[in-house]
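Down below is the structure, laid out as structure tokens.
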Amino acid sequence: MQTTTRPLLSMSGISKSFPGVNALTGVDFRLFPGEVHALMGENGAGKSTLIKVLTGVYKPEKGEIVLGDTEIRPESPQHAQNLGISTVYQEVNLCPNLTVAENILIGREPKHHGAIDWKEMKSRAETLMFEKLNVDLDATRLLSSFSIAIQQMVAIARALYGSSRILILDEPTSSLDETEVEQLFGVIQLLKQEGLGILFVTHFLDQTYRISDRITVLRNGELVGEFPTATLPKLELISKMIGKEYVELESMPRTGSLSDTKDRRVPYLQIEKYGRKGYLAPFDLSLHDHEVIGLAGLLGSGRTEMAKMIFGIERPESGQCSIDGKKMRIGSPKEAIDAGIGFCPEDRKAEGIIEELTVRENIILALQAQNGVFRFLSPKKQSRIADEYIRLLNISTPSADQPVRNLSGGNQQKVILARWLVMNPKVLILDEPTRGIDVGAKAEIQKLILKLCDEGLAILFVSSELDEVLRVSNRVAVLRDRVKIRELTGTDMNEQVILQAIAHGDENARQ
Amino acid sequence: MQGNSTGRLRRISASKMFWPFVVLGLILLFNLIFTKGFFNLDIRDGHLFGTTIDILNRSSQIMIIAIGLTLVIATHGIDISVGSVVAISAAMAALLIGGKLVLRGDVQEYVTLVPMPVAILAAVGVAGLAGGWNGLLVSRLKIQPIVATLILMVAGRGVAQLITNGQIITIYYKPFFFLGNGFLFGLPFTVYIVAVVLAFTLFMTRRTALGLYIESIGVNPTASRYSGIKPERIIFWVYVFGSICAGIAGLIVASNVKSADGNNAGDLFELDAILAVVLGGTSLNGGKFYLGGSVIGALIIQSLTTTIYAQGVPPEITLVVKALVVFAVTMLQSESFRKMVFGRFVPVASATPQKESV
């Protein structure tokens, strides 16, 4: 069917390089009207670069882009938008301090006698949000007052506004919960029928198979191929993405179950009745060395809140905490670090990396903070530490003196991990460490978690992907609506039980 | 070999310090050709005299303030009260030194009201207190730096006048004049003050972890806090240090003009100092900072002013000429502008594709 239609968009022979990296080499890409085309690849495969070329953020060194019948050269995102190419980027690119209506209609505000017609603006924004996305909200409220999921919806609404021919969705679902994903997919189906070409980038394989018609795979900046989704088995897709035979993730060594020995030992970190009104209901949690505890629950269920409370970012109103059997008060990240805890935050860009500083400086930051002002690590010593961890964690960067913002998401995540490993922590809290990174790096990080656990670390692992939680954890705590409702071990630790708990709560835990 | 040397050239020209140096060089080159006697140096009473020495001397106040302000700006802050702090410090020094005519034997002599070191410490101390106020507002109460320091910018002049009781106090005590007018080993004493302040600041930021903390906080305070740094504490002390620098500059001002004028001492210094920092390559967005660049920036401003006077540019258009040169410098520093105008010929730090094979 599609062979008879002409492609809506065809990019051919696109090349683009950056200092030390060939981001794209002669990549082709086609998009037909009314199709959802998934762009797949590992971190650094060139997906983001290809999209940025298409949207005018980067100018390619070689290659041509044909939209409809005419060759185009997008000069800027605005220009691309005018050509009919709309984008929703991975990180929400909106202004949190403006209202929803302003965010959607910025630059194209309805005017009345030259002045902005605020009433019209509000109604247009609300109509758009309701009709296309089925979200009912007050568009005069500040964007920052909504959850990230809603903010993402607003970003999509903004992209949909006007006459788009191509909609690019770069990781649109990474911060949405399941209902919201359903909602989004409904919208995508609708837009498909309208004849839009939709370019979809995601790390969720299941979603790719649910929604896409075709898949283009990139690897190391090169085109691997274009395949109809229906004829490409998942395993084959993964092997094409990582460029080697699929490593059975399931066969990763599980650490031996410690449930039988753990009761006899004093937990390294023990939390009793930590909680704060309106933030997180009081919970107990104990962490032993050589153990991974997974936190499962939907977005907004209190997983991140729990992590932040343990790390001293948010103070509990009640309860107490003991380290190695001794009562301690952890009221700030500094105190948590002194107690041997490390924390990789969920929002890598806003809370994790220091973008303009080098990989080296990012890696030694926590250690230097621990050392204090006057016990300064000389640049030479810093380099030695950084180089060691770059090798150990297989961080791909031209050098340790590269600004960390030049690295791909997965490698930035590894830099933050390195920052904590340098500290020799006893407890590591990992909040969505594999979010927004590809299968290969994901497996690598999962393996690393298990290895660290083997070496004696206690790890608190937060993830929105259930199978990942089950794969690495010895125990799983389930959260629902900011309440820790269950803790599962042994045979109870399976998908059904967890989903049951998340969906219906747990009567036993309420008592 | 070829690749290696172009690589080095690329690194040098991509460095933030490169453009300030080029601009200063151009100004000096211009003077070498067009201003007669610009580089002449005379020796009078064992001291060096000449236009270049004069520029060094005159720019010392802005240099010192700019050094302190560089750190403030690196934390993604700003301090617009430095001019007022100059006035406060000058007033304090004048009040405590003053000068009393006494007879010692047969000779009439001026003596200080309090010993000079005490007066100097008091003046710098008051400046430090002012910085503590700013630091408190910014770091603890989270008031936006421009608003927080605006308070002291306005109130500071009032404080200075309160200290001097609304009068312009004249200083009669000779040894104090040495600070702003004296010579040591042939060079103006102010040059040594700048050197000490610069050396101290460089040491504190590059030989301790302070520089890393400041840059880290300037780029991402949240991530810094999560890494165990205490941003509030660092920011507080950075503002204190910035004000102390302004206080030192205030001493030089008081010594130079031999009086303290709460209204006019240090007037608009904040703007020249901010300009010096920006010309020196430190971004107002915080993060990486360049102390040497700020010193060069102050030199650029002063040599520009001197050049304009030396060229006999009519006073009514001096400011315009100055603005044009400043505009040119900021354009040169803008990566987007360089790319637009020079295309690929000028190596750009992060965006130029690197194709050389090693």
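Starting from 1 in every chain, residues are counted up; chains themselves are A, B, ... following the order of the structure tokens, and ligands are numbered from 1 as listed.
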Polymer residues at most 8 Å from Ala130 (chain B), only C-alpha atoms, same-chain spacing of 4 or more positions, as a list in words: Val85, Val126, Asn134, Leu152, Val240 and Ser243 of chain B
For chain A, list the residues within 9 Å of chain B, counting only C-alpha atoms, and write the list as JSON, numbers by chain. {"A": [16, 17, 18, 19, 20, 21, 22, 311, 313, 332, 333, 334, 335, 336, 337, 338, 342, 343, 344, 345, 348, 349, 350, 351, 352, 353, 354, 355, 356, 357, 361, 362, 365, 366, 367, 368, 369, 370, 371, 372, 373, 374, 375, 376, 377, 378, 406, 419, 420]}
Skipping near chain neighbours, those fewer than 3 positions away, what residues fall within 10 Å of Glu71 (chain A) using only C-alpha atoms, listed as a ChimeraX atom specification? /A:9-11,64-68,74
Considering only C-alpha atoms, return as a PyMOL selection string whatever protein or nucleic-acid residues lie within 8 Å of Ser84 (chain B), sequence-local ones (same chain, fewer than 4 positions apart) excluded. chain B and resi 88+152-154+156-157+160+265-267
From the list A:His37, A:Glu171, A:Leu457, A:Leu421, which residue is nearest Phe227 (chain A) when using only C-alpha atoms? A:His37
Please identify all polymer residues within 10 Å of region 484-487 of chain A, counting only C-alpha atoms, omitting same-chain residues fewer than 3 positions from it, and present them as a PyMOL selection string. chain A and resi 280-285+293-297+301-303+306+475-481+492-493+497-498+501-502+505-510
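Among the candidate residues B:Val159, B:Thr75, B:Ile248, B:Val111, the one lying nearest to Arg233 (chain B) is B:Thr75, with distances computed using only C-alpha atoms.
Summary of the local environment: counting only C-alpha atoms, residues at most 9 Å from Gly84 (chain A), other than itself and those fewer than 6 positions away along its chain, are Gly162, Ser163, Ser164, Arg165, Ile166 and Leu167 of chain A.
Separating CA of Pro60 (chain A) from CA of Ala23 (chain A) is a distance of 10.3 Å.
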What's the 12 Å shell around region 99-105 of chain A, counting only C-alpha atoms, without same-chain residues fewer than 4 positions away, as number ranges by chain? A: 92-95, 109-111, 116-129, 136-146, 150-162
Dump C-alpha atoms for the selected residues as a short mmCIF file (atom, residue, chain, number, x, y, z; two decimals), in the first residue's frame?
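Ended up saving to out_27.cif:
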```cif
data_model
loop_
_atom_site.label_atom_id
_atom_site.label_comp_id
_atom_site.auth_asym_id
_atom_site.auth_seq_id
_atom_site.Cartn_x
_atom_site.Cartn_y
_atom_site.Cartn_z
CA VAL A 92 9.77 19.50 28.31
CA ASN A 93 10.82 22.69 26.57
CA LEU A 94 8.27 25.09 27.95
CA CYS A 95 8.30 28.07 30.29
CA GLU A 109 -1.43 35.02 20.39
CA PRO A 110 -4.89 35.94 19.20
CA LYS A 111 -5.06 39.72 18.83
CA ILE A 116 -3.66 40.29 23.05
CA ASP A 117 -7.13 38.88 23.48
CA TRP A 118 -6.63 37.01 26.75
CA LYS A 119 -10.13 35.60 26.89
CA GLU A 120 -9.87 34.16 23.42
CA MET A 121 -6.45 32.82 24.26
CA LYS A 122 -7.71 30.98 27.31
CA SER A 123 -10.64 29.48 25.45
CA ARG A 124 -8.54 28.40 22.47
CA ALA A 125 -5.99 26.73 24.69
CA GLU A 126 -8.60 24.98 26.77
CA THR A 127 -10.55 23.82 23.73
CA LEU A 128 -7.40 22.43 22.18
CA MET A 129 -6.37 20.65 25.36
CA ASP A 136 -9.68 19.51 31.19
CA LEU A 137 -7.77 22.29 32.90
CA ASP A 138 -7.72 25.97 33.68
CA ALA A 139 -5.39 27.41 31.04
CA THR A 140 -4.74 30.56 33.06
CA ARG A 141 -2.86 28.64 35.72
CA LEU A 142 0.91 28.58 35.70
CA LEU A 143 2.44 25.63 33.90
CA SER A 144 4.63 24.86 36.91
CA SER A 145 1.54 24.17 38.99
CA PHE A 146 0.85 21.04 36.94
CA ILE A 150 0.32 17.45 32.16
CA GLN A 151 3.22 19.67 31.15
CA GLN A 152 4.11 17.09 28.54
CA MET A 153 0.53 17.19 27.25
CA VAL A 154 0.76 20.96 27.00
CA ALA A 155 3.95 20.58 24.98
CA ILE A 156 2.12 18.25 22.60
CA ALA A 157 -0.81 20.65 22.37
CA ARG A 158 1.61 23.41 21.51
CA ALA A 159 3.12 21.31 18.74
CA LEU A 160 -0.31 20.34 17.42
CA TYR A 161 -1.50 23.91 17.17
CA GLY A 162 -1.52 25.21 13.65
#
```
Pull the strand (DSSP E or B) assignments for region 81-236 of chain B out of DSSP run on the backbone, and list those residues as a PyMOL selection string. chain B and resi 100-104+107-111+169-170+183-184+187-188
My list of candidates is B:Phe177, B:Phe18, B:Phe337, B:Tyr172. Which is closest to Gly98 (chain B) when distances are computed with only C-alpha atoms? B:Tyr172
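Remark: for Ser399 (chain A), the closest of the candidate residues A:Ile364, A:Ile416, A:Leu83, A:Val359 is A:Val359 (distances computed over only C-alpha atoms).
Ranking B:Glu316, B:Asp54, B:Asp79, B:Glu109 by their shortest atom-to-atom distance to Gln144 (chain B), with only C-alpha atoms included, puts B:Asp79 first.
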Measuring atom to atom with only C-alpha atoms, identify which of A:Leu31, A:Ile211, A:Val292, A:Leu488 is nearest to Leu199 (chain A). A:Leu31
Straight-line distance linking CA of Leu202 (chain B) with CA of Val86 (chain B), stated in Å to one decimal: 22.4 Å
What are the DSSP alpha helix (DSSP H) residues of region 31-212 of chain A, as a PyMOL selection string? chain A and resi 47-54+77-83+100-105+118-133+148-160+178-193+205-211
